[in-house]
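Student: Contents are CSV, C-alpha atoms and all ligand atoms; file name final.csv:
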```
chain,number,residue,atom,x,y,z
T,1,MET,CA,-16.4,79.4,-35.6
T,2,ALA,CA,-14.1,77.3,-33.4
T,3,LEU,CA,-15.0,79.3,-30.4
T,4,VAL,CA,-18.7,78.4,-30.5
T,5,LYS,CA,-18.5,74.8,-31.8
T,6,PRO,CA,-19.9,73.2,-28.6
T,7,LEU,CA,-22.8,75.7,-28.6
T,8,VAL,CA,-23.9,75.0,-32.1
T,9,LEU,CA,-24.0,71.3,-31.1
T,10,GLY,CA,-26.9,72.0,-28.9
T,11,ASN,CA,-25.2,72.6,-25.6
T,12,VAL,CA,-26.7,76.0,-25.0
T,13,LYS,CA,-29.1,74.8,-22.3
T,14,ARG,CA,-26.2,73.1,-20.5
T,15,LEU,CA,-24.2,76.2,-20.6
T,16,PHE,CA,-27.0,78.3,-19.2
T,17,LYS,CA,-27.8,75.8,-16.5
T,18,GLY,CA,-24.2,75.7,-15.4
T,19,MET,CA,-24.0,79.4,-15.1
T,20,GLY,CA,-27.3,79.7,-13.3
T,21,TYR,CA,-28.9,78.0,-10.4
T,22,LYS,CA,-26.7,74.9,-10.3
T,23,LYS,CA,-23.0,74.6,-9.5
T,24,LEU,CA,-21.7,72.5,-12.4
T,25,PRO,CA,-18.3,72.3,-14.1
T,26,LEU,CA,-18.4,73.6,-17.7
T,27,ILE,CA,-14.7,73.9,-18.4
T,28,ALA,CA,-12.0,71.2,-17.8
T,29,GLY,CA,-8.3,71.6,-17.7
T,30,HIS,CA,-6.2,68.5,-17.7
T,31,LYS,CA,-2.4,68.3,-17.1
T,32,LEU,CA,-1.3,65.3,-19.2
T,33,LEU,CA,2.1,65.2,-17.4
T,34,TYR,CA,4.4,67.4,-15.3
T,35,THR,CA,7.5,66.7,-17.3
T,36,CYS,CA,8.7,69.7,-19.4
T,37,ASN,CA,11.6,70.5,-21.7
T,38,LEU,CA,11.8,74.1,-20.3
T,39,ARG,CA,12.6,75.3,-16.7
T,40,CYS,CA,10.5,78.3,-16.0
T,41,LYS,CA,11.3,80.1,-12.8
T,42,MET,CA,7.7,80.5,-11.5
T,43,CYS,CA,6.7,77.0,-12.4
T,44,PRO,CA,6.4,74.2,-9.8
T,45,PHE,CA,5.5,71.5,-12.3
T,46,TRP,CA,8.7,70.6,-14.2
T,47,ARG,CA,10.2,70.1,-10.7
T,48,ARG,CA,7.8,67.2,-10.0
T,49,LYS,CA,8.5,63.6,-11.1
T,50,ASP,CA,5.8,62.0,-13.1
T,51,GLU,CA,4.3,58.7,-12.1
T,52,LYS,CA,3.5,56.2,-14.8
T,53,LEU,CA,1.4,58.2,-17.3
T,54,LEU,CA,-2.2,57.3,-18.0
T,55,SER,CA,-3.0,55.1,-21.0
T,56,ILE,CA,-5.2,56.2,-23.9
T,57,ASP,CA,-8.0,54.1,-22.4
T,58,GLU,CA,-7.7,55.9,-19.1
T,59,GLU,CA,-7.6,59.3,-20.8
T,60,VAL,CA,-10.8,58.3,-22.6
T,61,LYS,CA,-12.3,57.3,-19.3
T,62,ILE,CA,-11.6,60.8,-18.0
T,63,MET,CA,-13.2,62.3,-21.1
T,64,ASP,CA,-16.3,60.2,-20.8
T,65,SER,CA,-16.7,61.1,-17.1
T,66,LEU,CA,-16.3,64.8,-17.9
T,67,LYS,CA,-18.7,64.5,-20.8
T,68,ASN,CA,-21.3,62.8,-18.6
T,69,ALA,CA,-20.9,65.6,-16.0
T,70,GLY,CA,-21.8,68.1,-18.8
T,71,VAL,CA,-18.3,69.6,-19.4
T,72,LEU,CA,-18.2,71.4,-22.8
T,73,PHE,CA,-14.6,72.6,-23.1
T,74,LEU,CA,-11.4,70.6,-22.5
T,75,GLY,CA,-8.0,72.2,-22.4
T,76,PHE,CA,-4.8,70.1,-22.3
T,77,GLU,CA,-1.7,71.4,-20.5
T,78,GLY,CA,1.4,70.2,-18.7
T,79,GLY,CA,4.4,70.2,-18.3
T,80,GLU,CA,4.6,70.1,-22.1
T,81,PRO,CA,1.8,68.1,-23.6
T,82,LEU,CA,3.6,67.6,-26.9
T,83,LEU,CA,6.2,65.4,-25.0
T,84,ARG,CA,3.5,62.7,-25.0
T,85,SER,CA,4.1,60.6,-28.1
T,86,ASP,CA,0.3,59.7,-28.2
T,87,ILE,CA,-0.8,63.4,-28.0
T,88,ASP,CA,-2.5,63.1,-31.4
T,89,GLN,CA,-4.7,60.2,-30.2
T,90,ILE,CA,-5.6,62.0,-27.0
T,91,LEU,CA,-6.6,65.1,-28.9
T,92,MET,CA,-8.5,63.1,-31.5
T,93,GLU,CA,-10.6,61.5,-28.7
T,94,SER,CA,-11.1,64.9,-27.0
T,95,ASN,CA,-12.1,66.5,-30.3
T,96,LYS,CA,-15.0,64.0,-30.7
T,97,ARG,CA,-16.4,65.2,-27.4
T,98,PHE,CA,-15.3,68.7,-26.6
T,99,HIS,CA,-14.1,72.0,-27.8
T,100,THR,CA,-10.4,71.2,-27.5
T,101,SER,CA,-7.5,73.4,-26.7
T,102,LEU,CA,-3.8,72.9,-26.0
T,103,VAL,CA,-1.2,75.0,-24.2
T,104,SER,CA,2.3,74.5,-25.4
T,105,ASN,CA,5.6,76.2,-24.7
T,106,GLY,CA,6.3,76.2,-28.4
T,107,TRP,CA,9.6,74.4,-28.4
T,108,LEU,CA,8.3,71.3,-30.3
T,109,LEU,CA,5.1,72.8,-31.7
T,110,LYS,CA,6.4,73.9,-35.1
T,111,ASP,CA,7.5,70.3,-35.9
T,112,LYS,CA,4.5,68.6,-34.4
T,113,VAL,CA,1.6,70.9,-35.4
T,114,LYS,CA,0.9,68.8,-38.5
T,115,LYS,CA,0.2,65.8,-36.3
T,116,ILE,CA,-2.3,67.6,-34.1
T,117,GLU,CA,-3.9,70.3,-36.2
T,118,ASP,CA,-7.0,68.4,-37.2
T,119,TYR,CA,-7.9,67.8,-33.5
T,120,VAL,CA,-7.5,71.1,-31.8
T,121,ASP,CA,-9.8,74.1,-31.9
T,122,HIS,CA,-7.3,76.5,-30.3
T,123,VAL,CA,-3.6,76.5,-29.5
T,124,PHE,CA,-2.0,78.7,-26.8
T,125,VAL,CA,1.8,79.3,-27.0
T,126,SER,CA,3.3,80.6,-23.8
T,127,LEU,CA,5.5,83.7,-24.3
T,128,ASP,CA,6.7,85.6,-21.2
T,129,GLY,CA,8.7,88.4,-22.7
T,130,ILE,CA,10.6,89.4,-25.8
T,131,GLY,CA,13.9,87.7,-26.7
T,132,ASP,CA,16.3,87.3,-23.8
T,133,VAL,CA,13.7,88.2,-21.2
T,134,HIS,CA,11.6,85.3,-22.2
T,135,ASP,CA,14.6,82.9,-22.5
T,136,SER,CA,15.8,83.9,-19.0
T,137,ILE,CA,12.3,83.3,-17.4
T,138,ARG,CA,11.9,80.0,-19.3
T,139,GLY,CA,15.4,78.9,-18.4
T,140,VAL,CA,16.4,77.7,-21.9
T,141,LYS,CA,18.2,79.8,-24.5
T,142,GLY,CA,16.5,79.9,-27.9
T,143,SER,CA,13.0,79.3,-26.5
T,144,PHE,CA,11.7,82.7,-27.6
T,145,GLU,CA,12.7,82.1,-31.2
T,146,ARG,CA,11.3,78.6,-31.3
T,147,ALA,CA,8.0,79.7,-29.7
T,148,VAL,CA,7.6,82.6,-32.2
T,149,ASN,CA,8.4,80.3,-35.1
T,150,SER,CA,5.7,77.9,-33.8
T,151,ILE,CA,3.2,80.7,-33.6
T,152,LYS,CA,3.9,81.6,-37.2
T,153,GLU,CA,3.6,78.0,-38.3
T,154,CYS,CA,0.2,77.6,-36.5
T,155,LYS,CA,-1.0,80.9,-38.1
T,156,ALA,CA,0.2,79.8,-41.5
T,157,ARG,CA,-1.7,76.5,-41.2
T,158,GLY,CA,-4.9,78.4,-40.2
T,159,LEU,CA,-5.1,77.3,-36.6
T,160,ASP,CA,-6.7,79.6,-34.0
T,161,THR,CA,-3.6,80.6,-32.0
T,162,SER,CA,-3.0,82.9,-29.0
T,163,ILE,CA,-0.1,83.9,-26.9
T,164,SER,CA,-0.4,83.0,-23.3
T,165,PHE,CA,1.5,85.7,-21.3
T,166,THR,CA,2.2,85.6,-17.5
T,167,LEU,CA,3.1,88.9,-15.9
T,168,THR,CA,6.0,88.4,-13.5
T,169,LYS,CA,8.4,90.7,-11.7
T,170,ASP,CA,10.9,90.1,-14.6
T,171,ASN,CA,8.8,91.2,-17.5
T,172,LEU,CA,6.6,94.1,-16.5
T,173,ASN,CA,8.6,96.5,-18.7
T,174,GLU,CA,7.5,94.5,-21.7
T,175,ALA,CA,3.9,94.1,-20.7
T,176,LEU,CA,2.5,96.5,-23.3
T,177,ASP,CA,5.0,95.4,-26.0
T,178,MET,CA,3.6,91.9,-25.7
T,179,VAL,CA,0.3,93.1,-27.0
T,180,ARG,CA,2.1,94.8,-29.9
T,181,LEU,CA,3.9,91.5,-30.6
T,182,ALA,CA,0.6,89.7,-30.7
T,183,GLU,CA,-0.7,92.3,-33.2
T,184,LYS,CA,2.5,91.9,-35.3
T,185,LEU,CA,2.1,88.1,-35.4
T,186,GLY,CA,-1.6,88.5,-36.1
T,187,VAL,CA,-2.7,86.5,-33.0
T,188,THR,CA,-4.5,87.3,-29.8
T,189,ILE,CA,-3.0,87.3,-26.3
T,190,ASN,CA,-4.3,86.1,-23.0
T,191,ILE,CA,-2.7,87.7,-19.9
T,192,GLN,CA,-2.3,86.2,-16.5
T,193,VAL,CA,-0.6,87.4,-13.3
T,194,ALA,CA,2.0,85.0,-11.8
T,195,TYR,CA,0.9,83.2,-8.7
T,196,ASP,CA,3.6,82.3,-6.1
T,197,TYR,CA,3.5,78.5,-5.7
T,198,SER,CA,5.2,77.2,-2.6
T,199,THR,CA,7.6,75.1,-4.6
T,200,ALA,CA,8.8,77.5,-7.3
T,201,GLU,CA,10.6,80.9,-7.4
T,202,ARG,CA,8.5,83.8,-6.1
T,203,MET,CA,7.9,85.7,-9.3
T,204,SER,CA,4.7,87.7,-8.7
T,205,PRO,CA,5.0,91.3,-10.0
T,206,GLU,CA,5.9,94.3,-7.8
T,207,ARG,CA,2.5,95.6,-6.5
T,208,GLU,CA,2.6,99.3,-7.6
T,209,LYS,CA,4.1,98.6,-11.0
T,210,LEU,CA,1.5,95.9,-11.6
T,211,ARG,CA,-1.3,98.4,-10.8
T,212,GLU,CA,0.1,100.7,-13.6
T,213,ILE,CA,0.1,97.9,-16.0
T,214,LEU,CA,-3.4,96.8,-15.2
T,215,VAL,CA,-4.7,100.3,-15.7
T,216,ALA,CA,-2.8,100.5,-19.0
T,217,TYR,CA,-4.4,97.2,-20.2
T,218,SER,CA,-7.9,98.3,-19.2
T,219,LYS,CA,-7.3,101.5,-21.2
T,220,MET,CA,-6.0,99.5,-24.1
T,221,LYS,CA,-9.2,97.5,-24.1
T,222,GLU,CA,-11.0,100.7,-25.1
T,223,GLY,CA,-8.9,101.2,-28.2
T,224,LYS,CA,-7.8,99.4,-31.3
T,225,GLU,CA,-5.0,97.5,-29.6
T,226,GLY,CA,-7.5,96.0,-27.2
T,227,ARG,CA,-8.8,93.8,-29.9
T,228,TYR,CA,-5.8,91.6,-29.5
T,229,ILE,CA,-6.3,91.1,-25.8
T,230,ILE,CA,-8.6,88.2,-25.0
T,231,ASN,CA,-9.2,89.2,-21.4
T,232,SER,CA,-12.2,91.5,-20.8
T,233,LYS,CA,-11.7,95.0,-19.6
T,234,ASP,CA,-13.6,94.0,-16.5
T,235,TYR,CA,-11.0,91.3,-15.8
T,236,PHE,CA,-8.4,94.0,-15.2
T,237,ILE,CA,-10.8,96.2,-13.3
T,238,ALA,CA,-11.8,93.4,-11.0
T,239,ILE,CA,-8.2,92.8,-10.1
T,240,LEU,CA,-7.7,96.5,-9.5
T,241,ASN,CA,-10.8,96.7,-7.4
T,242,SER,CA,-9.9,93.8,-5.3
T,243,TRP,CA,-6.2,93.9,-4.8
T,244,TYR,CA,-6.0,97.7,-4.6
T,245,GLY,CA,-9.5,98.8,-3.5
T,246,ASN,CA,-10.8,96.2,-1.1
T,247,LEU,CA,-13.7,95.4,-3.4
T,248,PRO,CA,-13.4,91.7,-3.9
T,249,TRP,CA,-15.1,89.6,-6.7
T,250,ILE,CA,-17.0,86.5,-5.8
T,251,CYS,CA,-14.9,83.6,-6.9
T,252,LYS,CA,-16.8,80.7,-8.5
T,253,PRO,CA,-14.1,78.0,-9.0
T,254,TRP,CA,-16.8,75.3,-9.6
T,255,ILE,CA,-17.1,76.4,-13.2
T,256,THR,CA,-13.7,74.8,-13.9
T,257,ILE,CA,-12.7,71.2,-13.1
T,258,ASN,CA,-9.0,70.4,-13.2
T,259,ILE,CA,-7.6,66.9,-13.5
T,260,ASP,CA,-4.1,66.0,-12.6
T,261,PRO,CA,-1.8,63.7,-14.7
T,262,GLN,CA,-3.0,60.7,-12.7
T,263,GLY,CA,-6.6,61.4,-13.5
T,264,ARG,CA,-7.4,62.8,-10.1
T,265,ILE,CA,-9.8,65.8,-9.5
T,266,VAL,CA,-8.1,68.9,-8.1
T,267,LEU,CA,-10.3,70.8,-5.6
T,268,PRO,CA,-11.3,73.6,-5.1
T,269,CYS,CA,-9.1,75.1,-7.8
T,270,TYR,CA,-5.6,74.3,-9.1
T,271,THR,CA,-4.0,77.3,-7.5
T,272,LEU,CA,-4.9,76.6,-3.9
T,273,SER,CA,-4.3,72.9,-4.2
T,274,GLU,CA,-1.1,73.4,-6.3
T,275,TYR,CA,-2.5,70.9,-8.8
T,276,SER,CA,-2.6,67.9,-6.5
T,277,GLY,CA,-5.7,65.8,-6.9
T,278,SER,CA,-7.4,63.2,-4.7
T,279,LYS,CA,-10.0,61.0,-6.3
T,280,LYS,CA,-9.8,59.5,-9.8
T,281,VAL,CA,-12.4,61.2,-11.9
T,282,TRP,CA,-13.8,58.0,-13.4
T,283,GLU,CA,-14.3,56.4,-9.9
T,284,VAL,CA,-16.6,59.2,-8.6
T,285,ASP,CA,-19.8,61.0,-9.4
T,286,ILE,CA,-18.6,64.5,-10.3
T,287,ILE,CA,-22.1,66.0,-10.0
T,288,LYS,CA,-22.5,64.7,-6.5
T,289,ILE,CA,-19.1,66.0,-5.5
T,290,TRP,CA,-19.9,69.4,-6.9
T,291,GLU,CA,-23.2,69.4,-5.1
T,292,GLU,CA,-21.7,68.5,-1.7
T,293,PHE,CA,-18.5,70.6,-1.9
T,294,ASP,CA,-18.4,73.7,0.3
T,295,TRP,CA,-17.9,76.2,-2.4
T,296,GLU,CA,-19.0,79.2,-0.4
T,297,LYS,CA,-15.9,78.9,1.7
T,298,TYR,CA,-14.0,80.2,-1.4
T,299,TYR,CA,-16.4,83.0,-2.5
T,300,SER,CA,-14.1,85.6,-0.9
T,301,CYS,CA,-10.8,84.1,-2.0
T,302,ASN,CA,-9.2,86.5,-4.4
T,303,LYS,CA,-5.7,85.1,-4.2
T,304,CYS,CA,-5.2,84.4,-7.9
T,305,ALA,CA,-6.3,86.1,-11.0
T,306,LEU,CA,-6.3,83.2,-13.4
T,307,SER,CA,-8.6,84.2,-16.2
T,308,CYS,CA,-10.2,80.7,-16.5
T,309,TYR,CA,-11.5,81.2,-13.0
T,310,LEU,CA,-11.9,85.0,-12.8
T,311,GLU,CA,-13.7,85.7,-16.1
T,312,PRO,CA,-16.5,83.2,-15.5
T,313,SER,CA,-16.7,84.4,-11.9
T,314,LEU,CA,-17.6,87.9,-13.2
T,315,PHE,CA,-20.5,86.7,-15.2
T,316,SER,CA,-23.9,87.9,-14.1
T,317,TRP,CA,-27.4,87.2,-15.6
T,318,LYS,CA,-28.0,90.9,-15.3
T,319,ASN,CA,-25.6,91.2,-18.2
T,320,THR,CA,-26.2,88.3,-20.6
T,321,GLY,CA,-24.6,90.3,-23.4
T,322,LEU,CA,-21.3,89.3,-21.9
T,323,VAL,CA,-21.7,85.5,-22.4
T,324,LYS,CA,-19.1,85.5,-25.2
T,325,GLU,CA,-16.6,87.6,-23.2
T,326,ARG,CA,-17.1,86.1,-19.8
T,327,ILE,CA,-17.9,82.5,-20.6
T,328,ILE,CA,-17.0,81.4,-24.1
T,329,GLU,CA,-13.7,83.1,-24.4
T,330,PRO,CA,-12.4,82.2,-20.9
T,331,MET,CA,-13.4,78.7,-21.5
T,332,ILE,CA,-10.9,78.4,-24.2
T,333,ASN,CA,-8.2,79.9,-22.1
T,334,MET,CA,-7.0,77.0,-20.2
T,335,ILE,CA,-3.8,78.5,-19.1
T,336,GLY,CA,-1.4,76.1,-17.5
T,337,HIS,CA,1.7,78.0,-18.2
T,401,LIG,S1,5.5,77.0,-17.1
T,401,LIG,FE1,5.0,75.6,-18.8
T,401,LIG,S2,6.8,75.7,-20.1
T,401,LIG,FE2,7.5,76.6,-18.2
T,401,LIG,S3,8.4,74.9,-17.1
T,401,LIG,FE3,6.3,75.0,-16.5
T,401,LIG,S4,5.2,73.6,-17.8
T,401,LIG,FE4,7.2,74.0,-18.7
T,402,LIG,S1,-9.3,83.2,-6.3
T,402,LIG,FE1,-8.0,81.7,-7.3
T,402,LIG,S2,-7.1,80.7,-5.6
T,402,LIG,FE2,-8.9,81.6,-4.8
T,402,LIG,S3,-10.5,80.1,-4.9
T,402,LIG,FE3,-10.6,81.5,-6.7
T,402,LIG,S4,-9.5,80.3,-8.3
T,402,LIG,FE4,-8.9,79.5,-6.3
```
Translate the structure described by the file into structure tokens.
Tutor:
Amino acid sequence: MALVKPLVLGNVKRLFKGMGYKKLPLIAGHKLLYTCNLRCKMCPFWRRKDEKLLSIDEEVKIMDSLKNAGVLFLGFEGGEPLLRSDIDQILMESNKRFHTSLVSNGWLLKDKVKKIEDYVDHVFVSLDGIGDVHDSIRGVKGSFERAVNSIKECKARGLDTSISFTLTKDNLNEALDMVRLAEKLGVTINIQVAYDYSTAERMSPEREKLREILVAYSKMKEGKEGRYIINSKDYFIAILNSWYGNLPWICKPWITINIDPQGRIVLPCYTLSEYSGSKKVWEVDIIKIWEEFDWEKYYSCNKCALSCYLEPSLFSWKNTGLVKERIIEPMINMIGH
């Protein structure tokens, strides 16, 4: 039920309008801070110094602006969002307005889940391998065990929980085992391909090996194990077609609006702008910015395969049966890790 909460609240028209003739943001991702207690090799964010963080009032101003622009889904990420001592208040405010999700690295989650469980619809815990592989990518020993324990705790408390898994050059050998781990833990898994940010270690997977994994995932989607993978089969096919077959997808980054820790809008997408925003979201007219922005310039950009951008980009009104797979599920996958 959590997946469709905003729809049953009467937002169906808004959803359809946003996916149709008008370019409007439907999903929002907000980095609450850059600070993190882990040190992932491929991550540029923990390397940044946070300015003074926004107050609760400012966070509410962000939410009201997003709500007024018609956003339905808000996902919080970081850094590690649970490092904010007021995270429960932020989530509580969000939960009044949006379908609310949270991405955590799982280090603190087991202890803090009680504080937030009433205000989140979906929790993502990042896991980038099994045991030492995960710990080595994350840069902190013991992080795998803590993340798995957090997942178990979330599950035990009845929270909708998923693994967020980023394919890198260091974990391709475990790519399929990660799906089996999700099955064992009784949760789902969302898969991303690492993007090489300019200020982090280059960790994107080796090209040919990645192709094999993408083919294997698309086959898995046809069988029983595929139930645990949130990504659609077409997500994997689209990457294969574009990166290996010269058949690009049309990217529609306007569906997602990203807000940096200072409340600034990140355009056109958080990959290209490396999560650096310009204008404070509550000081501008989001709809006007969206109308005036030259989105067409990015139609042929296939540089990243973040599912929160790619899955909605694959949606077509010729196939409305895919609303859940292309729109609703990707909307909850605000993957910051
Ligand atoms: S990827 Fe996530 S967990 Fe890792 S350092 Fe960056 S913000 Fe922290
Ligand atoms: S493909 Fe990725 S990097 Fe390029 S415009 Fe789309 S979301 Fe941005």
Student: List every residue of chain T that has an atom at most 9 Å from any atom of ligand LIG 401 (chain T), and for each one report the closest atom pair and its distance in Å to one decimal, counting all atoms listed in the file, with rows sorted by chain and then by increasing residue number, as a tab-separated table.
Tutor:
```
residue	atom	partner	partner_atom	distance
T:Leu33	CA	T:LIG401	S4	9.0
T:Tyr34	CA	T:LIG401	S4	6.7
T:Thr35	CA	T:LIG401	S4	7.3
T:Cys36	CA	T:LIG401	FE4	4.6
T:Asn37	CA	T:LIG401	FE4	6.4
T:Leu38	CA	T:LIG401	S3	4.7
T:Arg39	CA	T:LIG401	S3	4.2
T:Cys40	CA	T:LIG401	FE2	4.1
T:Lys41	CA	T:LIG401	S3	7.3
T:Met42	CA	T:LIG401	S1	7.0
T:Cys43	CA	T:LIG401	FE3	4.6
T:Pro44	CA	T:LIG401	FE3	6.7
T:Phe45	CA	T:LIG401	FE3	5.5
T:Trp46	CA	T:LIG401	S3	5.2
T:Arg47	CA	T:LIG401	S3	8.2
T:Glu77	CA	T:LIG401	S4	7.7
T:Gly78	CA	T:LIG401	S4	5.2
T:Gly79	CA	T:LIG401	S4	3.5
T:Glu80	CA	T:LIG401	S4	5.6
T:Pro81	CA	T:LIG401	S4	8.7
T:Val103	CA	T:LIG401	FE1	8.2
T:Ser104	CA	T:LIG401	S2	7.1
T:Asn105	CA	T:LIG401	S2	4.8
T:Gly106	CA	T:LIG401	S2	8.3
T:Trp107	CA	T:LIG401	S2	8.9
T:Ser126	CA	T:LIG401	S2	7.1
T:Ile137	CA	T:LIG401	FE2	8.3
T:Arg138	CA	T:LIG401	FE2	5.7
T:Gly139	CA	T:LIG401	S3	8.2
T:Gly336	CA	T:LIG401	FE1	6.5
T:His337	CA	T:LIG401	S1	4.1
```
Student: Point out the residue among T:Asp294, T:Asp57, T:Glu117, T:Glu206 with the least atom-to-atom distance to ligand LIG 402 (chain T), counting only C-alpha atoms and all ligand atoms.
Tutor: T:Asp294
Student: With all atoms listed in the file as the atoms that count, which of T:Pro253, T:Pro25, T:Gly277, T:Gly263 lies nearest to ligand LIG 402 (chain T)?
Tutor: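 Closest candidate: T:Pro253.
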Student: Measuring atom to atom with only C-alpha atoms and all ligand atoms, identify which of T:Thr168, T:Thr271, T:Ser313, T:Asn246 is nearest to ligand LIG 402 (chain T).
Tutor: T:Thr271
Student: Select the residues contacting ligand LIG 402 (chain T) at a distance of at most 12 Å, based on only C-alpha atoms and all ligand atoms, then format the selection as a PyMOL selection string.
Tutor: chain T and resi 192-197+238-239+242-243+248-258+266-275+294-314
Student: Could you check how far CA of Gly142 in chain T sits from CA of Ile191 in chain T, in Å to one decimal?
Tutor: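 Separation of CA of Gly142 in chain T and CA of Ile191 in chain T: 22.2 Å.
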Student: Excluding Ile56 in chain T and any residue of its chain fewer than 6 positions from it, enumerate the residues within 12 Å of it, using only C-alpha atoms, and give them as JSON, numbers by chain.
Tutor: {"T": [32, 62, 63, 84, 85, 86, 87, 88, 89, 90, 91, 92, 93, 94, 263]}
Student: I'd like the contact shell of Leu214 in chain T - 8 Å cut-off, only C-alpha atoms, skipping same-chain residues fewer than 3 positions apart - returned as a PyMOL selection string.
Tutor: chain T and resi 210-211+217-218+236-237+240
Student: Provide the CA of Asp121 in chain T to CA of Asn190 in chain T distance in Å, to one decimal place.
Tutor: 15.9 Å
Student: Just give me the gap between CA of Asn173 in chain T and CA of Ile229 in chain T in Å, one decimal is fine.
Tutor: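 Spanning CA of Asn173 in chain T to CA of Ile229 in chain T is a straight-line distance of 17.4 Å.
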Student: Restricting the calculation to all atoms listed in the file: of T:Lys61, T:Gly75, T:Ile151, T:Gly245, which residue gets closest to Leu26 in chain T?
Tutor: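 Once distances to Leu26 in chain T are computed over all atoms listed in the file, the minimum belongs to T:Gly75.
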